>>> print(open('target.txt').read())   # compact mmCIF, C-alpha atoms
# COMPACT_ATOMS: atom_id res chain seq x y z
CA MET A 246 4.69 19.30 14.91
CA THR A 247 6.50 19.98 18.17
CA GLY A 248 5.23 22.05 21.08
CA LEU A 249 3.20 21.79 24.25
CA ARG A 250 -0.19 20.09 24.37
CA TYR A 251 -3.16 22.37 24.84
CA VAL A 252 -6.19 20.43 26.14
CA TYR A 253 -9.70 21.67 25.35
CA ALA A 254 -11.91 18.96 26.77
CA VAL A 255 -12.30 15.34 27.76
CA CYS A 256 -15.07 13.24 26.23
CA ARG A 257 -16.08 9.75 25.18
CA PRO A 258 -14.81 8.41 21.84
CA PHE A 259 -16.86 9.85 18.98
CA GLY A 260 -17.11 8.65 15.41
CA THR A 261 -18.22 11.84 13.67
CA PRO A 262 -15.21 13.90 12.53
CA LEU A 263 -14.89 17.57 13.41
CA GLN A 264 -15.05 20.18 10.66
CA ALA A 265 -12.12 19.86 8.27
CA GLN A 266 -11.27 23.57 8.49
CA LEU A 267 -11.50 23.82 12.28
CA THR A 268 -8.44 25.38 13.89
CA GLY A 269 -7.74 25.73 17.57
CA VAL A 270 -5.58 27.87 19.79
CA ALA A 271 -2.46 29.19 18.00
CA GLY A 272 -3.96 28.05 14.69
CA ASP A 273 -3.30 24.32 15.12
CA PRO A 274 -6.15 21.89 14.28
CA PRO A 275 -7.42 19.92 17.28
CA ARG A 276 -6.98 16.15 17.38
CA ALA A 277 -8.24 13.30 19.54
CA LEU A 278 -5.87 11.65 22.01
CA PRO A 279 -7.60 8.46 23.22
CA HIS A 280 -6.65 6.84 26.51
CA ARG A 281 -8.37 4.30 28.79
CA GLY A 282 -11.81 4.68 27.19
CA LEU A 283 -11.72 8.48 27.22
CA VAL A 284 -10.56 11.05 24.69
CA ALA A 285 -8.66 14.26 25.32
CA VAL A 286 -9.06 16.80 22.54
CA VAL A 287 -5.72 18.57 22.14
CA SER A 288 -3.62 20.68 19.81
CA HIS A 289 0.01 21.81 19.70
CA VAL A 290 0.90 25.26 21.00
CA PRO A 291 4.32 26.99 21.04
CA GLU A 292 6.29 26.86 24.26
CA GLN A 293 7.32 30.50 23.95
CA ASP A 294 3.68 31.51 24.44
CA PHE A 295 2.28 28.73 26.62
CA ALA A 296 5.00 27.79 29.05
CA GLU A 297 4.18 28.83 32.61
CA GLU A 298 5.80 32.27 32.68
CA PRO A 299 4.79 33.56 29.20
CA LEU A 300 1.28 32.17 29.66
CA ARG A 301 0.90 34.06 32.94
CA ALA A 302 1.96 37.26 31.18
CA HIS A 303 -0.37 36.64 28.21
CA LEU A 304 -3.35 36.19 30.53
CA GLU A 305 -2.96 39.87 31.44
CA ASP A 306 -3.18 40.87 27.76
CA LEU A 307 -6.86 41.38 26.97
CA ASP A 308 -6.46 41.15 23.18
CA TRP A 309 -4.47 37.91 23.42
CA LEU A 310 -6.87 36.48 25.98
CA THR A 311 -9.90 37.32 23.83
CA ALA A 312 -8.42 35.66 20.72
CA THR A 313 -7.38 32.57 22.69
CA ALA A 314 -10.75 32.27 24.40
CA ARG A 315 -12.52 32.56 21.04
CA ALA A 316 -10.41 29.77 19.54
CA HIS A 317 -10.90 27.62 22.65
CA GLN A 318 -14.66 28.13 22.55
CA GLY A 319 -14.77 27.36 18.82
CA VAL A 320 -13.37 23.89 19.47
CA ILE A 321 -15.78 23.31 22.37
CA ASP A 322 -18.73 24.39 20.19
CA ALA A 323 -17.63 22.00 17.44
CA LEU A 324 -17.34 19.15 19.94
CA THR A 325 -20.79 19.90 21.34
CA THR A 326 -22.34 19.13 17.94
CA VAL A 327 -20.90 15.60 17.87
CA THR A 328 -20.49 14.51 21.50
CA THR A 329 -20.76 15.56 25.16
CA PRO A 330 -17.51 17.35 26.10
CA LEU A 331 -16.21 18.29 29.51
CA PRO A 332 -14.45 21.59 28.80
CA LEU A 333 -11.20 22.16 30.67
CA ARG A 334 -10.08 25.54 31.92
CA LEU A 335 -8.66 28.01 29.42
CA GLY A 336 -4.89 27.56 29.24
CA THR A 337 -4.72 23.91 30.35
CA VAL A 338 -1.33 22.83 28.99
CA PHE A 339 0.93 19.77 29.34
CA HIS A 340 4.46 19.13 28.12
CA ASP A 341 3.54 16.15 25.93
CA ASP A 342 0.99 13.41 25.24
CA SER A 343 2.24 11.43 28.23
CA GLY A 344 1.34 14.30 30.52
CA VAL A 345 -2.18 14.37 29.11
CA ARG A 346 -2.54 10.61 29.57
CA SER A 347 -1.34 10.86 33.16
CA MET A 348 -3.99 13.54 33.83
CA ILE A 349 -6.69 11.26 32.40
CA GLU A 350 -5.53 8.34 34.55
CA ALA A 351 -5.50 10.46 37.69
CA ARG A 352 -9.05 11.69 37.10
CA GLU A 353 -10.56 8.79 35.17
CA ASP A 354 -13.33 8.02 37.68
CA GLU A 355 -14.23 11.68 38.04
CA PHE A 356 -14.38 12.26 34.29
CA SER A 357 -16.35 9.06 33.65
CA SER A 358 -19.01 9.72 36.29
CA THR A 359 -19.52 13.30 35.10
CA LEU A 360 -19.77 12.23 31.48
CA ASP A 361 -22.31 9.57 32.43
CA ARG A 362 -24.41 12.22 34.16
CA LEU A 363 -24.23 14.72 31.28
CA GLU A 364 -24.40 12.37 28.30
CA GLY A 365 -26.83 13.63 25.66
CA ARG A 366 -27.49 16.88 27.53
CA VAL A 367 -26.71 20.52 26.77
CA GLU A 368 -26.79 23.78 28.65
CA TRP A 369 -29.11 26.66 27.81
CA GLY A 370 -28.66 30.12 29.29
CA VAL A 371 -31.57 32.44 30.09
CA LYS A 372 -31.22 36.06 31.17
CA VAL A 373 -33.88 38.60 32.07
CA TYR A 374 -33.15 42.32 31.87
CA ALA A 375 -35.24 45.17 33.26
CA GLU A 376 -35.10 48.54 31.59
CA SER A 377 -32.99 51.13 33.41
CA GLU A 378 -35.90 53.54 33.63
CA PRO A 379 -39.62 52.76 33.96
CA GLN A 380 -41.50 53.67 30.82
CA GLU A 381 -43.73 56.09 32.63
CA THR A 382 -40.74 58.16 33.82
CA ALA A 383 -38.77 57.95 30.59
CA ARG A 384 -40.44 61.17 29.37
CA PRO A 385 -39.04 64.50 30.63
CA ALA A 386 -40.78 65.41 33.88
CA GLN A 387 -42.53 68.77 34.24
CA LYS A 388 -40.62 71.35 36.21
CA PRO A 389 -41.99 71.37 39.77
CA ALA A 390 -43.78 74.56 40.76
CA SER A 391 -42.76 74.32 44.41
CA GLY A 392 -40.69 72.32 46.88
CA ARG A 393 -43.79 70.32 47.78
CA ASP A 394 -44.37 69.47 44.11
CA TYR A 395 -40.73 68.42 43.80
CA LEU A 396 -41.00 66.04 46.78
CA MET A 397 -44.22 64.52 45.45
CA GLN A 398 -42.61 64.04 42.03
CA ARG A 399 -39.59 62.29 43.61
CA ARG A 400 -41.87 59.98 45.64
CA ARG A 401 -43.76 58.99 42.49
CA GLN A 402 -40.50 58.26 40.68
CA THR A 403 -39.18 56.20 43.59
CA LYS A 404 -42.39 54.19 43.82
CA SER A 405 -42.36 53.66 40.04
CA HIS A 406 -38.82 52.27 40.24
CA GLU A 407 -39.71 50.01 43.16
CA ASP A 408 -42.78 48.69 41.37
CA MET A 409 -40.75 47.96 38.25
CA TRP A 410 -38.05 46.01 40.13
CA GLN A 411 -40.74 44.10 42.02
CA ARG A 412 -42.45 43.13 38.76
CA ALA A 413 -39.11 42.13 37.27
CA GLU A 414 -38.17 39.95 40.23
CA SER A 415 -41.62 38.36 40.37
CA PHE A 416 -41.54 37.56 36.64
CA SER A 417 -38.00 36.16 36.90
CA THR A 418 -38.92 33.95 39.85
CA ARG A 419 -41.91 32.49 38.01
CA LEU A 420 -39.88 31.97 34.84
CA HIS A 421 -37.05 30.24 36.70
CA GLU A 422 -39.50 27.93 38.47
CA GLU A 423 -41.17 27.02 35.18
CA LEU A 424 -37.91 26.38 33.32
CA SER A 425 -36.44 24.46 36.27
CA GLY A 426 -39.49 22.22 36.22
CA PHE A 427 -38.82 21.36 32.59
CA ALA A 428 -35.03 21.04 32.81
CA GLU A 429 -33.17 18.22 34.53
CA ASP A 430 -31.10 20.67 36.56
CA ALA A 431 -30.65 24.41 36.94
CA ARG A 432 -28.07 26.87 38.25
CA LEU A 433 -28.53 30.48 39.30
CA HIS A 434 -25.53 32.68 38.55
CA ALA A 435 -24.79 36.13 39.91
CA PRO A 436 -26.31 38.96 37.83
CA GLN A 437 -23.96 40.29 35.19
CA ASN A 438 -22.17 43.59 35.70
CA PRO A 439 -23.44 45.91 32.93
CA ALA A 440 -20.06 47.62 32.74
CA LEU A 441 -18.55 44.28 31.70
CA SER A 442 -21.40 42.73 29.72
CA LYS A 443 -22.28 45.98 27.88
CA ALA A 444 -25.91 44.81 27.92
CA SER A 445 -28.59 47.43 28.39
CA GLY A 446 -30.84 47.32 31.42
CA ARG A 447 -30.43 45.63 34.78
CA ASN A 448 -29.78 41.87 34.79
CA VAL A 449 -32.43 40.38 37.08
CA LEU A 450 -32.07 36.69 36.18
CA ASN A 451 -28.91 34.92 35.01
CA ALA A 452 -29.54 31.18 34.96
CA ALA A 453 -28.40 27.99 33.25
CA TYR A 454 -30.53 24.92 32.54
CA LEU A 455 -29.47 21.36 31.80
CA VAL A 456 -31.72 19.95 29.08
CA PRO A 457 -31.63 16.67 27.12
CA ARG A 458 -30.57 17.52 23.59
CA ALA A 459 -33.67 15.73 22.27
CA HIS A 460 -35.91 18.13 24.25
CA SER A 461 -34.09 21.34 23.37
CA GLU A 462 -36.67 22.46 20.81
CA GLU A 463 -39.42 22.26 23.43
CA PHE A 464 -37.29 24.23 25.89
CA VAL A 465 -36.64 26.96 23.32
CA GLU A 466 -40.36 27.20 22.57
CA LEU A 467 -41.10 27.46 26.29
CA VAL A 468 -38.73 30.40 26.64
CA ASP A 469 -39.98 32.08 23.46
CA ARG A 470 -43.55 32.05 24.78
CA THR A 471 -42.49 34.21 27.73
CA LYS A 472 -40.97 36.96 25.58
CA GLY A 473 -43.16 40.04 25.54
CA GLU A 474 -45.24 38.88 28.52
CA ALA A 475 -44.02 41.67 30.78
CA PRO A 476 -43.55 45.19 29.34
CA GLY A 477 -40.13 46.63 30.10
CA LEU A 478 -38.50 43.21 30.51
CA ARG A 479 -36.24 41.50 27.99
CA VAL A 480 -35.67 37.74 27.93
CA GLU A 481 -32.51 36.46 26.23
CA LEU A 482 -31.79 32.82 25.41
CA THR A 483 -28.31 31.50 24.57
CA GLY A 484 -27.07 28.03 23.67
CA PRO A 485 -26.94 25.18 23.29
CA TRP A 486 -23.60 25.05 25.10
CA ALA A 487 -21.44 22.37 26.59
CA ALA A 488 -22.69 21.87 30.15
CA TYR A 489 -20.17 24.19 31.83
CA SER A 490 -22.43 25.01 34.76
CA PHE A 491 -23.11 21.37 35.57
CA ALA A 492 -19.70 19.77 35.07
CA GLY A 493 -18.52 20.61 38.58
CA GLU A 494 -14.82 20.44 39.38
CA ALA A 495 -14.27 17.96 36.54
CA ALA A 496 -14.25 20.75 33.98
CA THR A 497 -12.51 23.54 35.85
CA SER A 498 -9.08 22.37 36.82
>>> encode(input="target.txt", output="structure tokens")
Amino acid sequence: MTGLRYVYAVCRPFGTPLQAQLTGVAGDPPRALPHRGLVAVVSHVPEQDFAEEPLRAHLEDLDWLTATARAHQGVIDALTTVTTPLPLRLGTVFHDDSGVRSMIEAREDEFSSTLDRLEGRVEWGVKVYAESEPQETARPAQKPASGRDYLMQRRRQTKSHEDMWQRAESFSTRLHEELSGFAEDARLHAPQNPALSKASGRNVLNAAYLVPRAHSEEFVELVDRTKGEAPGLRVELTGPWAAYSFAGEAATS
């Protein structure tokens, strides 16, 4: 099949085959391209969609971008079950296999050192959300009888909000310290914008943890024990993922 080479990730050689029905971006099955002790996982994509100019235009098309990102992530998820991949940026494309090999040669030391550091490890994501309204003010408030009553009611509501955010931040700080103590490494990300994430409540903690795959079950149990500890707070666990947050520049360019 002709076309450009779309690169998903770089990894060590792995013996376990990927799922037989796995398809990648543009519907082409991914394949391994070994070079100098490393493997680039690639598939063919049409030039009319992935050459520089059409790709730039497609990246402004939300539907196209969503479908491409889903296919890209599907390959990364499949790789994560059999090896430790370094995911490359969405839309990483080369003209041919030689271009991919040249990229590996240019960054061989960088890829190798990062893979050594992340070998056998996965990323888990933990988010904490606080409810938008404190439970005690969720019920309709009584109509104030006077201006003084109105001001007192507003002060109580303000203090209730402040207390809730303080509890949420205190819980999140303790949780992050506990999980960081178990994990080999941790990263704090900016809170998610609810308009983009569509998640209910206010995102107080958005963190990633690097955990040896062999200890993942213990990590999951540790997070599960915290759920329900603090009324009005929701703890969400995602993963295991490829170690995006810990790959550094090796996985982003």
>>> closest_residue(input="target.txt", among="A:His421, A:His289, A:Arg281, A:Arg301", to="Ala351 (chain A)", atoms="only C-alpha atoms")
A:Arg281
>>> closest_residue(input="target.txt", among="A:Pro299, A:Gly319, A:Gly248, A:Gly282", to="Gln264 (chain A)", atoms="all atoms listed in the file")
A:Gly319
>>> residues_near_point(input="target.txt", point="(1.9, 19.8, 31.1)", cutoff="12 Å", atoms="all atoms listed in the file", output="PyMOL selection string")
chain A and resi 248-252+287+289-290+292+295-297+336-348
>>> residues_around(input="target.txt", residues="Ala254 (chain A)", least_positions_apart="2", cutoff="7 Å", atoms="all atoms listed in the file", output="ChimeraX atom specification")
/A:252,256,285-286,330-333
>>> closest_residue(input="target.txt", among="A:Leu310, A:Met409, A:Ala277, A:Val465", to="Phe427 (chain A)", atoms="only C-alpha atoms")
A:Val465
>>> closest_atom_pairs(input="target.txt", of="region 300-332 of chain A", to="region 361-371 of chain A", cutoff="12 Å", atoms="only C-alpha atoms", output="Markdown table")
| residue | atom | partner | partner_atom | distance |
| --- | --- | --- | --- | --- |
| A:Asp322 | CA | A:Val367 | CA | 11.0 |
| A:Leu324 | CA | A:Val367 | CA | 11.7 |
| A:Thr325 | CA | A:Val367 | CA | 8.1 |
| A:Thr326 | CA | A:Val367 | CA | 9.9 |
| A:Val327 | CA | A:Gly365 | CA | 10.0 |
| A:Thr328 | CA | A:Gly365 | CA | 7.6 |
| A:Thr329 | CA | A:Glu364 | CA | 5.8 |
| A:Pro330 | CA | A:Glu364 | CA | 8.8 |
| A:Leu331 | CA | A:Leu363 | CA | 9.0 |
>>> closest_residue(input="target.txt", among="A:Val255, A:Leu304, A:Val373, A:Ala312", to="Ala444 (chain A)", atoms="only C-alpha atoms")
A:Val373
>>> closest_residue(input="target.txt", among="A:Ala428, A:Leu450, A:Leu482, A:Ser442", to="Ala375 (chain A)", atoms="all atoms listed in the file")
A:Leu450
>>> closest_residue(input="target.txt", among="A:Asp294, A:Arg419, A:His280, A:His317", to="Glu353 (chain A)", atoms="all atoms listed in the file")
A:His280
